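As provided, entry_12.cif (mmCIF, C-alpha atoms) reads as follows.
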data_upload
#
loop_
_atom_site.label_atom_id
_atom_site.label_comp_id
_atom_site.auth_asym_id
_atom_site.auth_seq_id
_atom_site.Cartn_x
_atom_site.Cartn_y
_atom_site.Cartn_z
CA MET A 1 7.59 -32.20 -1.08
CA THR A 2 8.91 -31.67 -4.60
CA THR A 3 12.65 -31.04 -4.53
CA THR A 4 13.21 -30.24 -8.20
CA ALA A 5 12.90 -26.55 -8.97
CA LEU A 6 9.92 -25.74 -11.14
CA THR A 7 9.70 -23.21 -13.91
CA GLY A 8 6.92 -20.80 -14.73
CA PRO A 9 6.10 -17.15 -15.27
CA LEU A 10 6.24 -16.24 -11.57
CA LEU A 11 9.88 -17.23 -11.42
CA THR A 12 11.10 -15.40 -14.53
CA PRO A 13 13.08 -12.15 -14.20
CA TYR A 14 11.57 -8.79 -15.06
CA ARG A 15 13.05 -5.37 -15.71
CA LEU A 16 11.07 -2.69 -13.86
CA GLY A 17 12.51 0.64 -14.91
CA ALA A 18 16.06 0.66 -13.56
CA LEU A 19 15.45 -2.36 -11.32
CA ASP A 20 16.28 -5.93 -12.30
CA LEU A 21 13.79 -8.18 -10.50
CA PRO A 22 14.82 -11.85 -10.15
CA ASN A 23 11.17 -12.96 -10.21
CA ARG A 24 7.67 -11.55 -10.55
CA VAL A 25 6.60 -12.22 -6.96
CA VAL A 26 5.90 -8.93 -5.17
CA MET A 27 5.46 -8.65 -1.42
CA ALA A 28 2.24 -6.69 -0.88
CA PRO A 29 1.97 -3.95 1.77
CA MET A 30 0.67 -5.26 5.10
CA THR A 31 0.13 -3.35 8.33
CA ARG A 32 2.19 -4.86 11.19
CA TYR A 33 2.40 -2.18 13.95
CA ARG A 34 6.13 -2.54 14.65
CA ALA A 35 7.00 1.12 15.20
CA THR A 36 7.80 3.14 18.27
CA GLU A 37 5.13 5.46 19.58
CA ASP A 38 6.57 8.36 17.57
CA GLY A 39 6.39 6.34 14.33
CA THR A 40 10.04 5.30 13.97
CA PRO A 41 10.33 1.70 12.75
CA LEU A 42 11.69 -0.64 15.40
CA PRO A 43 15.07 -2.30 14.71
CA VAL A 44 13.31 -5.64 14.14
CA VAL A 45 11.63 -4.15 11.05
CA ALA A 46 14.97 -4.24 9.20
CA GLU A 47 15.31 -7.94 9.93
CA TYR A 48 11.72 -8.62 8.86
CA TYR A 49 12.08 -7.06 5.42
CA ALA A 50 15.61 -8.38 4.88
CA GLN A 51 14.31 -11.91 5.49
CA ARG A 52 11.95 -11.36 2.53
CA ALA A 53 14.53 -9.86 0.18
CA SER A 54 14.16 -12.74 -2.29
CA ALA A 55 10.86 -11.19 -3.44
CA GLY A 56 11.14 -9.56 -6.82
CA LEU A 57 9.97 -6.40 -5.10
CA ILE A 58 8.99 -5.57 -1.50
CA ILE A 59 6.31 -2.95 -0.81
CA THR A 60 6.30 -1.82 2.80
CA GLU A 61 3.40 -1.49 5.14
CA GLY A 62 1.59 1.84 4.87
CA ILE A 63 3.70 4.73 6.17
CA TRP A 64 2.06 8.00 7.18
CA PRO A 65 3.49 11.04 5.41
CA SER A 66 2.63 13.45 8.23
CA ARG A 67 0.99 13.45 11.64
CA ALA A 68 -2.18 14.76 9.99
CA GLY A 69 -2.36 11.49 8.06
CA GLN A 70 -1.66 9.13 10.97
CA SER A 71 -4.42 6.52 11.17
CA GLY A 72 -3.12 4.19 13.88
CA TRP A 73 -0.90 3.99 16.95
CA ARG A 74 2.54 2.46 16.34
CA LEU A 75 2.16 2.74 12.59
CA PRO A 76 5.39 4.06 11.03
CA GLY A 77 5.93 7.54 9.60
CA LEU A 78 8.26 9.25 7.13
CA GLU A 79 8.03 12.81 8.43
CA THR A 80 11.00 13.36 10.73
CA PRO A 81 14.78 12.83 10.56
CA GLU A 82 14.33 10.00 13.08
CA HIS A 83 11.84 8.28 10.79
CA THR A 84 14.19 8.65 7.82
CA ALA A 85 17.11 7.23 9.78
CA GLY A 86 14.99 4.30 10.97
CA TRP A 87 13.93 3.47 7.43
CA ARG A 88 17.51 3.85 6.17
CA ALA A 89 18.46 0.94 8.42
CA VAL A 90 15.67 -1.08 6.76
CA THR A 91 16.67 -0.28 3.18
CA GLU A 92 20.33 -0.97 3.89
CA ALA A 93 19.46 -4.39 5.34
CA VAL A 94 17.26 -5.24 2.34
CA HIS A 95 19.86 -4.11 -0.18
CA ALA A 96 22.59 -6.02 1.65
CA ALA A 97 20.42 -9.12 1.28
CA GLY A 98 20.04 -8.48 -2.46
CA GLY A 99 16.52 -7.06 -2.39
CA ARG A 100 14.58 -4.08 -3.69
CA ILE A 101 12.11 -2.13 -1.55
CA VAL A 102 9.32 0.40 -2.06
CA ALA A 103 7.94 2.83 0.55
CA GLN A 104 4.15 2.93 0.54
CA LEU A 105 2.82 6.31 1.66
CA MET A 106 -0.57 5.96 3.36
CA HIS A 107 -2.58 8.98 4.50
CA GLY A 108 -5.46 7.88 6.71
CA GLY A 109 -7.84 10.71 5.90
CA ARG A 110 -11.00 9.98 7.89
CA GLN A 111 -9.45 6.80 9.28
CA GLY A 112 -8.18 7.26 12.79
CA HIS A 113 -9.09 8.34 16.28
CA PRO A 114 -7.72 11.04 18.61
CA LEU A 115 -6.38 8.30 20.92
CA ASN A 116 -4.30 6.93 18.01
CA ARG A 117 -2.81 10.21 16.85
CA LEU A 118 0.27 12.03 18.06
CA LEU A 119 -1.62 15.28 17.55
CA GLY A 120 -4.53 14.00 19.65
CA ASP A 121 -6.95 15.62 17.24
CA VAL A 122 -9.94 14.46 15.20
CA PRO A 123 -8.84 13.21 11.77
CA ALA A 124 -9.97 14.97 8.61
CA GLY A 125 -11.16 13.50 5.32
CA PRO A 126 -12.95 14.73 2.23
CA SER A 127 -16.25 14.99 4.14
CA ALA A 128 -17.54 14.62 7.69
CA VAL A 129 -18.53 10.96 7.22
CA PRO A 130 -17.36 8.56 9.93
CA ALA A 131 -15.89 5.15 9.26
CA PRO A 132 -17.73 2.17 10.76
CA GLY A 133 -16.93 1.51 14.40
CA PRO A 134 -15.85 0.55 16.90
CA VAL A 135 -12.17 1.18 16.18
CA HIS A 136 -9.02 -0.21 17.73
CA VAL A 137 -7.04 2.32 19.74
CA ARG A 138 -3.75 2.14 21.63
CA ASP A 139 -3.07 -0.58 24.21
CA GLY A 140 -5.56 -2.98 22.62
CA ALA A 141 -8.66 -1.05 23.62
CA LYS A 142 -11.64 -0.19 21.42
CA ALA A 143 -13.53 3.07 21.08
CA ASP A 144 -16.46 4.44 19.16
CA ALA A 145 -15.56 5.88 15.77
CA VAL A 146 -15.40 9.68 15.63
CA THR A 147 -16.90 11.86 12.93
CA PRO A 148 -14.00 13.33 10.96
CA ARG A 149 -13.70 16.95 10.00
CA ALA A 150 -14.10 17.89 6.35
CA MET A 151 -10.71 18.98 5.02
CA THR A 152 -10.36 22.63 4.08
CA ARG A 153 -8.82 23.57 0.73
CA ASP A 154 -5.65 24.53 2.60
CA GLU A 155 -5.56 21.10 4.25
CA ILE A 156 -5.97 19.42 0.88
CA ARG A 157 -3.06 21.41 -0.51
CA ARG A 158 -1.07 20.61 2.62
CA ALA A 159 -1.74 16.89 2.15
CA VAL A 160 -0.17 17.13 -1.30
CA THR A 161 2.88 18.93 0.10
CA ASP A 162 3.19 16.40 2.93
CA HIS A 163 3.25 13.53 0.43
CA VAL A 164 5.91 15.29 -1.63
CA ASP A 165 8.06 15.82 1.46
CA ALA A 166 7.61 12.21 2.60
CA ALA A 167 8.46 10.89 -0.88
CA ARG A 168 11.68 12.86 -0.81
CA ASN A 169 12.40 11.48 2.66
CA ALA A 170 11.82 7.98 1.28
CA LEU A 171 14.47 8.45 -1.39
CA ALA A 172 16.81 9.95 1.20
CA ALA A 173 16.24 6.81 3.28
CA GLY A 174 17.38 4.66 0.37
CA PHE A 175 14.08 3.31 -0.94
CA ASP A 176 14.16 2.25 -4.57
CA LEU A 177 10.64 3.47 -5.33
CA VAL A 178 7.63 5.10 -3.66
CA GLU A 179 4.02 3.88 -3.85
CA LEU A 180 1.00 6.08 -3.14
CA HIS A 181 -1.77 4.19 -1.34
CA GLY A 182 -4.94 5.01 -3.27
CA ALA A 183 -6.77 1.88 -2.16
CA ASN A 184 -8.57 0.16 0.71
CA SER A 185 -10.37 3.16 2.24
CA TYR A 186 -7.47 5.59 2.70
CA LEU A 187 -7.40 9.25 1.63
CA ILE A 188 -7.18 8.95 -2.16
CA HIS A 189 -9.86 6.27 -2.14
CA GLN A 190 -12.04 8.50 0.05
CA PHE A 191 -12.01 11.24 -2.60
CA LEU A 192 -12.96 8.69 -5.29
CA ALA A 193 -15.74 6.83 -3.47
CA ASP A 194 -19.43 7.72 -3.48
CA ASN A 195 -20.16 7.82 0.23
CA THR A 196 -17.00 9.47 1.60
CA ASN A 197 -16.83 12.46 -0.77
CA LEU A 198 -19.90 14.64 -0.37
CA ARG A 199 -18.14 17.93 -1.03
CA THR A 200 -19.75 20.70 -3.04
CA ASP A 201 -16.55 22.49 -4.09
CA GLU A 202 -14.06 21.71 -6.88
CA TYR A 203 -12.87 18.57 -5.02
CA GLY A 204 -16.34 17.03 -4.82
CA PRO A 205 -18.37 14.76 -7.08
CA ARG A 206 -20.25 17.48 -9.00
CA THR A 207 -18.35 16.40 -12.12
CA LEU A 208 -16.02 13.51 -12.82
CA ALA A 209 -13.13 15.94 -13.23
CA ASP A 210 -13.83 17.34 -9.76
CA ARG A 211 -13.96 13.87 -8.21
CA LEU A 212 -10.57 13.08 -9.73
CA ARG A 213 -8.96 16.42 -8.91
CA PHE A 214 -7.22 15.50 -5.65
CA PRO A 215 -5.85 12.13 -6.81
CA VAL A 216 -4.56 13.66 -10.04
CA GLU A 217 -3.01 16.66 -8.28
CA LEU A 218 -1.36 14.42 -5.70
CA VAL A 219 0.10 11.89 -8.13
CA THR A 220 1.25 14.62 -10.50
CA ALA A 221 2.97 16.58 -7.73
CA VAL A 222 4.84 13.60 -6.29
CA ALA A 223 5.84 12.43 -9.77
CA ALA A 224 7.23 15.89 -10.53
CA ALA A 225 9.17 15.93 -7.25
CA ILE A 226 10.87 12.52 -7.39
CA GLY A 227 10.46 11.48 -11.02
CA PRO A 228 7.55 9.46 -12.39
CA ASP A 229 9.82 6.46 -12.96
CA ARG A 230 10.25 6.21 -9.18
CA LEU A 231 6.55 6.38 -8.32
CA GLY A 232 3.85 3.69 -8.25
CA LEU A 233 0.16 3.92 -7.40
CA ARG A 234 -2.10 1.38 -5.73
CA LEU A 235 -5.85 1.34 -6.45
CA SER A 236 -8.69 -0.96 -5.37
CA PRO A 237 -11.78 -0.08 -7.43
CA GLY A 238 -14.99 -1.15 -5.74
CA ASN A 239 -13.33 -2.43 -2.56
CA PRO A 240 -15.98 -2.18 0.21
CA GLN A 241 -13.56 -2.47 3.14
CA PHE A 242 -14.14 -0.10 6.08
CA GLY A 243 -17.50 1.05 4.81
CA MET A 244 -16.51 2.27 1.34
CA ALA A 245 -19.22 2.41 -1.34
CA GLU A 246 -18.71 2.74 -5.10
CA ALA A 247 -21.87 1.93 -7.03
CA ASP A 248 -20.21 2.07 -10.45
CA PRO A 249 -16.42 2.28 -10.20
CA ALA A 250 -15.75 1.65 -13.90
CA PRO A 251 -16.20 5.19 -15.29
CA VAL A 252 -14.34 6.75 -12.36
CA TYR A 253 -11.25 4.57 -12.63
CA ARG A 254 -11.22 4.56 -16.42
CA ALA A 255 -11.12 8.32 -16.36
CA LEU A 256 -8.46 8.35 -13.62
CA LEU A 257 -6.14 6.11 -15.62
CA ASP A 258 -6.76 8.17 -18.74
CA GLU A 259 -5.45 11.16 -16.75
CA LEU A 260 -2.45 9.37 -15.25
CA ASP A 261 -1.30 6.93 -17.94
CA SER A 262 0.78 9.48 -19.83
CA LEU A 263 2.82 10.43 -16.74
CA GLY A 264 5.00 7.34 -17.17
CA LEU A 265 4.74 6.04 -13.61
CA ALA A 266 6.87 3.10 -12.51
CA TYR A 267 3.79 0.89 -12.15
CA LEU A 268 0.12 0.57 -11.30
CA HIS A 269 -0.69 -1.80 -8.43
CA LEU A 270 -4.28 -2.88 -8.97
CA THR A 271 -6.60 -4.94 -6.77
CA ASP A 272 -9.32 -6.94 -8.48
CA ASN A 273 -12.83 -7.25 -7.07
CA ASP A 274 -15.55 -9.89 -7.49
CA ASP A 275 -18.14 -7.22 -8.30
CA TYR A 276 -15.92 -5.29 -10.72
CA PRO A 277 -13.24 -7.03 -12.82
CA ALA A 278 -10.82 -4.14 -12.61
CA LEU A 279 -7.85 -5.96 -14.13
CA ALA A 280 -9.67 -6.90 -17.31
CA ASP A 281 -11.44 -3.56 -17.61
CA LEU A 282 -8.52 -1.24 -16.88
CA ARG A 283 -5.52 -3.06 -18.34
CA PRO A 284 -6.16 -1.66 -21.86
CA ARG A 285 -6.01 1.88 -20.43
CA TRP A 286 -2.67 1.39 -18.67
CA HIS A 287 0.44 1.19 -20.85
CA GLY A 288 3.04 0.83 -18.11
CA PRO A 289 3.88 -2.13 -15.86
CA LEU A 290 1.01 -3.49 -13.80
CA ILE A 291 1.17 -5.38 -10.49
CA ALA A 292 -1.97 -7.45 -9.91
CA ASN A 293 -3.34 -8.31 -6.49
CA VAL A 294 -6.03 -10.98 -6.73
CA GLY A 295 -6.26 -11.98 -3.06
CA GLU A 296 -7.90 -8.93 -1.48
CA ASN A 297 -11.21 -9.96 0.15
CA ARG A 298 -10.69 -13.47 -1.26
CA ALA A 299 -8.70 -16.58 -0.46
CA ALA A 300 -4.97 -15.94 -0.27
CA THR A 301 -3.23 -16.06 -3.64
CA ASP A 302 -1.44 -19.32 -4.42
CA ARG A 303 1.02 -20.23 -7.16
CA ALA A 304 -1.66 -21.34 -9.63
CA ARG A 305 -3.68 -18.13 -9.34
CA GLY A 306 -0.59 -15.98 -9.64
CA GLU A 307 0.58 -17.77 -12.76
CA ALA A 308 -2.90 -17.61 -14.29
CA VAL A 309 -2.84 -13.82 -13.99
CA LEU A 310 0.54 -13.60 -15.69
CA ASP A 311 -0.49 -16.05 -18.40
CA SER A 312 -3.58 -13.93 -19.10
CA GLY A 313 -1.44 -10.94 -20.00
CA LEU A 314 -3.30 -8.70 -17.55
CA ALA A 315 -0.23 -8.03 -15.41
CA GLU A 316 3.54 -8.28 -15.41
CA LEU A 317 3.87 -8.91 -11.67
CA VAL A 318 1.71 -10.40 -8.91
CA SER A 319 1.62 -9.26 -5.27
CA TYR A 320 1.30 -11.75 -2.41
CA GLY A 321 0.26 -10.62 1.06
CA ARG A 322 -0.69 -13.22 3.66
CA ALA A 323 1.66 -15.84 2.21
CA PHE A 324 4.66 -13.61 2.94
CA ILE A 325 3.83 -13.19 6.64
CA ALA A 326 4.80 -16.73 7.64
CA ASN A 327 6.93 -17.61 4.59
CA PRO A 328 9.87 -15.23 4.39
CA ASP A 329 11.33 -17.36 1.60
CA LEU A 330 8.11 -17.46 -0.44
CA PRO A 331 9.74 -17.44 -3.91
CA ALA A 332 11.88 -20.45 -2.92
CA ARG A 333 8.78 -22.29 -1.71
CA LEU A 334 6.92 -21.50 -4.93
CA ALA A 335 9.91 -22.70 -6.92
CA VAL A 336 9.71 -26.21 -5.43
CA ASP A 337 5.94 -26.24 -4.81
CA ALA A 338 6.54 -26.55 -1.06
CA PRO A 339 3.64 -26.25 1.39
CA LEU A 340 3.18 -22.82 2.92
CA THR A 341 3.36 -22.17 6.64
CA ALA A 342 0.20 -20.67 8.15
CA PHE A 343 0.60 -17.47 10.14
CA ASP A 344 -0.55 -16.97 13.71
CA PRO A 345 -3.34 -14.35 13.66
CA ALA A 346 -2.94 -13.68 17.38
CA ARG A 347 0.54 -12.26 16.75
CA LEU A 348 -0.14 -10.20 13.65
CA TYR A 349 -0.34 -6.85 15.41
CA THR A 350 1.86 -7.25 18.45
CA HIS A 351 4.99 -5.15 18.72
CA GLY A 352 7.93 -7.55 18.87
CA ALA A 353 9.70 -10.33 17.01
CA ALA A 354 7.14 -13.02 17.87
CA GLY A 355 4.93 -13.62 14.87
CA PHE A 356 7.13 -11.28 12.85
CA THR A 357 10.66 -12.54 12.31
CA ASP A 358 10.48 -16.02 13.88
CA TYR A 359 8.83 -17.98 11.06
CA PRO A 360 10.95 -20.87 9.67
CA ARG A 361 12.63 -21.02 6.29
CA LEU A 362 13.00 -24.01 4.02
CA ALA A 363 16.21 -25.93 4.59
CA GLY A 364 18.75 -24.48 2.21
CA ALA A 365 16.52 -21.58 1.12
CA ARG A 366 18.13 -18.20 0.52
#
Encoding of this model in structure tokens:
Amino acid sequence: MTTTALTGPLLTPYRLGALDLPNRVVMAPMTRYRATEDGTPLPVVAEYYAQRASAGLIITEGIWPSRAGQSGWRLPGLETPEHTAGWRAVTEAVHAAGGRIVAQLMHGGRQGHPLNRLLGDVPAGPSAVPAPGPVHVRDGAKADAVTPRAMTRDEIRRAVTDHVDAARNALAAGFDLVELHGANSYLIHQFLADNTNLRTDEYGPRTLADRLRFPVELVTAVAAAIGPDRLGLRLSPGNPQFGMAEADPAPVYRALLDELDSLGLAYLHLTDNDDYPALADLRPRWHGPLIANVGENRAATDRARGEAVLDSGLAELVSYGRAFIANPDLPARLAVDAPLTAFDPARLYTHGAAGFTDYPRLAGAR
């Protein structure tokens, strides 16, 4: 193993709004199922994120903004005082370790099942189009996917209000920033995609402006509530996960960024795709900071691929997902070109410390 610290763009500091990042390595959001049944993060969650505080920026797992947006059992929420207090313990631990942390708000939309929801109801999305099944439900069982309800206009407006309330709760819990999850098959993505938005009203795909209406209203409302400089947005144009279909994402996402660019958001977190080079196509339309994720649906991102993205000028920061699971000191490992520990897939979605906070650190790593 190389013991001399290396240099390179990943390891250079970056100023993101009011935050001084010691490096450009971002921890990507990753679902881990370490919450109580009511959605309060378990105490071990604070240790998990604090162990990874050397990242330039940490983005949490997806957090549901309201029970209506809950997509899975033991996923965390940011709806109640108990949730806020649980997350405050996390942010305090991360800040004490010298880190910076973002709350990712993730509304499931059509994703979910009555057995996975505190309300016990059928989830609602843009249209009554089910996700592929079977789906995982509580206690490790599987069930057939359910057909979601189509959201009413009142439910769409309520989803906006729920996100605003959750974003305010995030700041009250001590998060540095908030990220809206507009990627990977969740609610915002469902309004943008071809096969999950079949509406015939002003939130449907009759015109491009109608297709964009919910995402633009949501981002604009949350930005107005907490300040655009404290809000990021994650998008994954053309990502086919969980049965999503976008035949030609380019015009949709170009138009979306044209609508949002002038808001002055903290950042755009953009996932590239083999069928649509989103980074190259959309970078000219985004004038704020950009976090690139180049590992979704591909091999996990390594140091060389991360540095290549930064060298290309397409992004200022790079997010790493799988590498952070088993390497809590990932920036230190990248700095000395150390081998990365492989994670145990059998323990990804259990509910305790095993496979969560028990991965080793490099000797002497901070």
Neighbouring residues of Asp358 (chain A) were defined as those with any atom within 12 Å, considering all atoms listed in the file; residues of the same chain fewer than 2 positions away were excluded. Please report them as a list in words.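 Close residues of Asp358 (chain A): Val44, Glu47, Tyr48, Gln51, Ile325, Ala326, Asn327, Pro328, Thr341, Phe343, Asp344, Arg347, Gly352, Ala353, Ala354, Gly355, Phe356, Pro360 and Arg361 of chain A.
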Distance CA of His83 (chain A)-CA of Val102 (chain A), one decimal place?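 These two atoms are separated by 15.3 Å.
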Would you compute the distance between CA of Pro13 (chain A) and CA of Leu317 (chain A)? Give it in Å to one decimal.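 Pair CA of Pro13 (chain A) / CA of Leu317 (chain A) returns 10.1 Å.
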Which residues come within 7 Å of region 285-296 of chain A, counting all atoms listed in the file, excluding same-chain residues fewer than 4 positions away, as a list of chain:residue names?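 Using all atoms listed in the file, the neighbours found are A:Leu257, A:Asp258, A:Asp261, A:Gly264, A:Ala266, A:Tyr267, A:Leu268, A:His269, A:Leu270, A:Thr271, A:Asp272, A:Ala300, A:Thr301, A:Ala315, A:Glu316, A:Leu317, A:Val318, A:Ser319.
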Determine the axis-aligned bounding box of all atoms of region 137-151 of chain A present in the file, pad each side by 6 Å, and express its centre and edge lengths in Å to one decimal place as JSON.
{"center_x": -10.0, "center_y": 8.0, "center_z": 14.6, "size_x": 25.8, "size_y": 34.0, "size_z": 31.2}
Need the shell around Leu75 (chain A): protein/DNA/RNA residues with any atom at most 9 Å away, counting all atoms listed in the file. Skip same-chain ones fewer than 5 positions apart. Format as a ChimeraX atom specification? /A:31-41,61-64,70
For C-alpha atoms, I'd like the residues from the last selection saved as a tab-separated table (two decimals), keeping the file's coordinate frame.
chain	number	residue	atom	x	y	z
A	31	THR	CA	0.13	-3.35	8.33
A	32	ARG	CA	2.19	-4.86	11.19
A	33	TYR	CA	2.40	-2.18	13.95
A	34	ARG	CA	6.13	-2.54	14.65
A	35	ALA	CA	7.00	1.12	15.20
A	36	THR	CA	7.80	3.14	18.27
A	37	GLU	CA	5.13	5.46	19.58
A	38	ASP	CA	6.57	8.36	17.57
A	39	GLY	CA	6.39	6.34	14.33
A	40	THR	CA	10.04	5.30	13.97
A	41	PRO	CA	10.33	1.70	12.75
A	61	GLU	CA	3.40	-1.49	5.14
A	62	GLY	CA	1.59	1.84	4.87
A	63	ILE	CA	3.70	4.73	6.17
A	64	TRP	CA	2.06	8.00	7.18
A	70	GLN	CA	-1.66	9.13	10.97
Mind telling me what the PyMOL selection byres ((chain A and resi 263) around 9) catches here, as a PDB file with C-alpha atoms, in the coordinates of the input?
ATOM      1  CA  THR A 220       1.250  14.620 -10.500  1.00  0.00           C
ATOM      2  CA  ALA A 223       5.840  12.430  -9.770  1.00  0.00           C
ATOM      3  CA  PRO A 228       7.550   9.460 -12.390  1.00  0.00           C
ATOM      4  CA  ASP A 229       9.820   6.460 -12.960  1.00  0.00           C
ATOM      5  CA  GLU A 259      -5.450  11.160 -16.750  1.00  0.00           C
ATOM      6  CA  LEU A 260      -2.450   9.370 -15.250  1.00  0.00           C
ATOM      7  CA  ASP A 261      -1.300   6.930 -17.940  1.00  0.00           C
ATOM      8  CA  SER A 262       0.780   9.480 -19.830  1.00  0.00           C
ATOM      9  CA  GLY A 264       5.000   7.340 -17.170  1.00  0.00           C
ATOM     10  CA  LEU A 265       4.740   6.040 -13.610  1.00  0.00           C
TER      11      LEU A 265
END
Here's the selection I'm unsure about, the PyMOL selection byres ((chain A and resi 150) around 10); applied to the file above, which residues does it give, as JSON, numbers by chain? {"A": [109, 110, 123, 124, 125, 126, 127, 128, 129, 147, 148, 149, 151, 152, 153, 155, 156, 197, 198, 199]}
Atom-to-atom span, CA of Leu19 (chain A) and CA of Leu235 (chain A), Å: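 Result for CA of Leu19 (chain A) versus CA of Leu235 (chain A): 22.2 Å, one decimal.
Evaluated on this file, the PyMOL selection byres ((chain A and resi 50) around 9) matches Val45, Ala46, Glu47, Tyr48, Tyr49, Gln51, Arg52, Ala53, Ser54, Val90, Thr91, Glu92, Ala93, Val94, His95, Ala96, Ala97, Gly98, Gly99 and Pro328 of chain A.
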Sort by chain and increasing residue number a table of all residues of region 47-107 of chain A within 6 Å of region 168-190 of chain A, each with its closest pair of atoms and their distance in Å to one decimal, counting all atoms listed in the file, and write it as JSON lines.
{"residue": "A:Thr84", "atom": "CA", "partner": "A:Ala173", "partner_atom": "CA", "distance": 5.3}
{"residue": "A:Trp87", "atom": "CA", "partner": "A:Ala173", "partner_atom": "CA", "distance": 5.8}
{"residue": "A:Arg88", "atom": "CA", "partner": "A:Ala173", "partner_atom": "CA", "distance": 4.3}
{"residue": "A:Thr91", "atom": "CA", "partner": "A:Gly174", "partner_atom": "CA", "distance": 5.7}
{"residue": "A:Ile101", "atom": "CA", "partner": "A:Asp176", "partner_atom": "CA", "distance": 5.7}
{"residue": "A:Val102", "atom": "CA", "partner": "A:Leu177", "partner_atom": "CA", "distance": 4.7}
{"residue": "A:Ala103", "atom": "CA", "partner": "A:Val178", "partner_atom": "CA", "distance": 4.8}
{"residue": "A:Gln104", "atom": "CA", "partner": "A:Glu179", "partner_atom": "CA", "distance": 4.5}
{"residue": "A:Leu105", "atom": "CA", "partner": "A:Leu180", "partner_atom": "CA", "distance": 5.1}
{"residue": "A:Met106", "atom": "CA", "partner": "A:His181", "partner_atom": "CA", "distance": 5.2}
{"residue": "A:His107", "atom": "CA", "partner": "A:Leu187", "partner_atom": "CA", "distance": 5.6}
File of the preceding selection, C-alpha atoms, as a PDB file, keeping the file's coordinate frame:
ATOM      1  CA  THR A  84      14.190   8.650   7.820  1.00  0.00           C
ATOM      2  CA  TRP A  87      13.930   3.470   7.430  1.00  0.00           C
ATOM      3  CA  ARG A  88      17.510   3.850   6.170  1.00  0.00           C
ATOM      4  CA  THR A  91      16.670  -0.280   3.180  1.00  0.00           C
ATOM      5  CA  ILE A 101      12.110  -2.130  -1.550  1.00  0.00           C
ATOM      6  CA  VAL A 102       9.320   0.400  -2.060  1.00  0.00           C
ATOM      7  CA  ALA A 103       7.940   2.830   0.550  1.00  0.00           C
ATOM      8  CA  GLN A 104       4.150   2.930   0.540  1.00  0.00           C
ATOM      9  CA  LEU A 105       2.820   6.310   1.660  1.00  0.00           C
ATOM     10  CA  MET A 106      -0.570   5.960   3.360  1.00  0.00           C
ATOM     11  CA  HIS A 107      -2.580   8.980   4.500  1.00  0.00           C
TER      12      HIS A 107
END
At a cut-off of 12 Å, using all atoms listed in the file, what residues contact Ala304 (chain A)? Leave out same-chain residues fewer than 6 positions from it and give the result as a CSV table (one decimal) with C-alpha atoms, in the coordinates of the input.
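Writing the result to out_13.csv gives the following:
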chain,number,residue,atom,x,y,z
A,8,GLY,CA,6.9,-20.8,-14.7
A,9,PRO,CA,6.1,-17.2,-15.3
A,10,LEU,CA,6.2,-16.2,-11.6
A,294,VAL,CA,-6.0,-11.0,-6.7
A,310,LEU,CA,0.5,-13.6,-15.7
A,311,ASP,CA,-0.5,-16.0,-18.4
A,318,VAL,CA,1.7,-10.4,-8.9
A,334,LEU,CA,6.9,-21.5,-4.9
A,335,ALA,CA,9.9,-22.7,-6.9
A,337,ASP,CA,5.9,-26.2,-4.8
Tell me which of A:Trp73, A:Phe324, A:Phe242, A:Tyr253 sits closest to Ala141 (chain A), counting only C-alpha atoms.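 Looking at the shortest contact to Ala141 (chain A), the residue is A:Trp73.
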Could I see region 338-347 of chain A restored to N, CA and C atoms, set down as a PDB file, in the coordinates of the input?
ATOM      1  N   ALA A 338       6.556 -26.127  -2.463  1.00  0.00           N
ATOM      2  CA  ALA A 338       6.540 -26.550  -1.060  1.00  0.00           C
ATOM      3  C   ALA A 338       5.267 -26.049  -0.378  1.00  0.00           C
ATOM      4  N   PRO A 339       4.801 -26.747   0.635  1.00  0.00           N
ATOM      5  CA  PRO A 339       3.640 -26.250   1.390  1.00  0.00           C
ATOM      6  C   PRO A 339       3.988 -24.946   2.092  1.00  0.00           C
ATOM      7  N   LEU A 340       2.973 -24.115   2.278  1.00  0.00           N
ATOM      8  CA  LEU A 340       3.180 -22.820   2.920  1.00  0.00           C
ATOM      9  C   LEU A 340       2.819 -22.906   4.391  1.00  0.00           C
ATOM     10  N   THR A 341       3.629 -22.263   5.209  1.00  0.00           N
ATOM     11  CA  THR A 341       3.360 -22.170   6.640  1.00  0.00           C
ATOM     12  C   THR A 341       2.201 -21.212   6.880  1.00  0.00           C
ATOM     13  N   ALA A 342       1.306 -21.557   7.790  1.00  0.00           N
ATOM     14  CA  ALA A 342       0.200 -20.670   8.150  1.00  0.00           C
ATOM     15  C   ALA A 342       0.674 -19.681   9.221  1.00  0.00           C
ATOM     16  N   PHE A 343       0.207 -18.446   9.135  1.00  0.00           N
ATOM     17  CA  PHE A 343       0.600 -17.470  10.140  1.00  0.00           C
ATOM     18  C   PHE A 343      -0.304 -17.539  11.361  1.00  0.00           C
ATOM     19  N   ASP A 344       0.194 -17.005  12.452  1.00  0.00           N
ATOM     20  CA  ASP A 344      -0.550 -16.970  13.710  1.00  0.00           C
ATOM     21  C   ASP A 344      -1.290 -15.645  13.802  1.00  0.00           C
ATOM     22  N   PRO A 345      -2.618 -15.619  13.641  1.00  0.00           N
ATOM     23  CA  PRO A 345      -3.340 -14.350  13.660  1.00  0.00           C
ATOM     24  C   PRO A 345      -3.245 -13.606  14.985  1.00  0.00           C
ATOM     25  N   ALA A 346      -3.015 -14.323  16.074  1.00  0.00           N
ATOM     26  CA  ALA A 346      -2.940 -13.680  17.380  1.00  0.00           C
ATOM     27  C   ALA A 346      -1.702 -12.793  17.510  1.00  0.00           C
ATOM     28  N   ARG A 347      -0.704 -13.015  16.644  1.00  0.00           N
ATOM     29  CA  ARG A 347       0.540 -12.260  16.750  1.00  0.00           C
ATOM     30  C   ARG A 347       0.759 -11.308  15.575  1.00  0.00           C
TER      31      ARG A 347
END
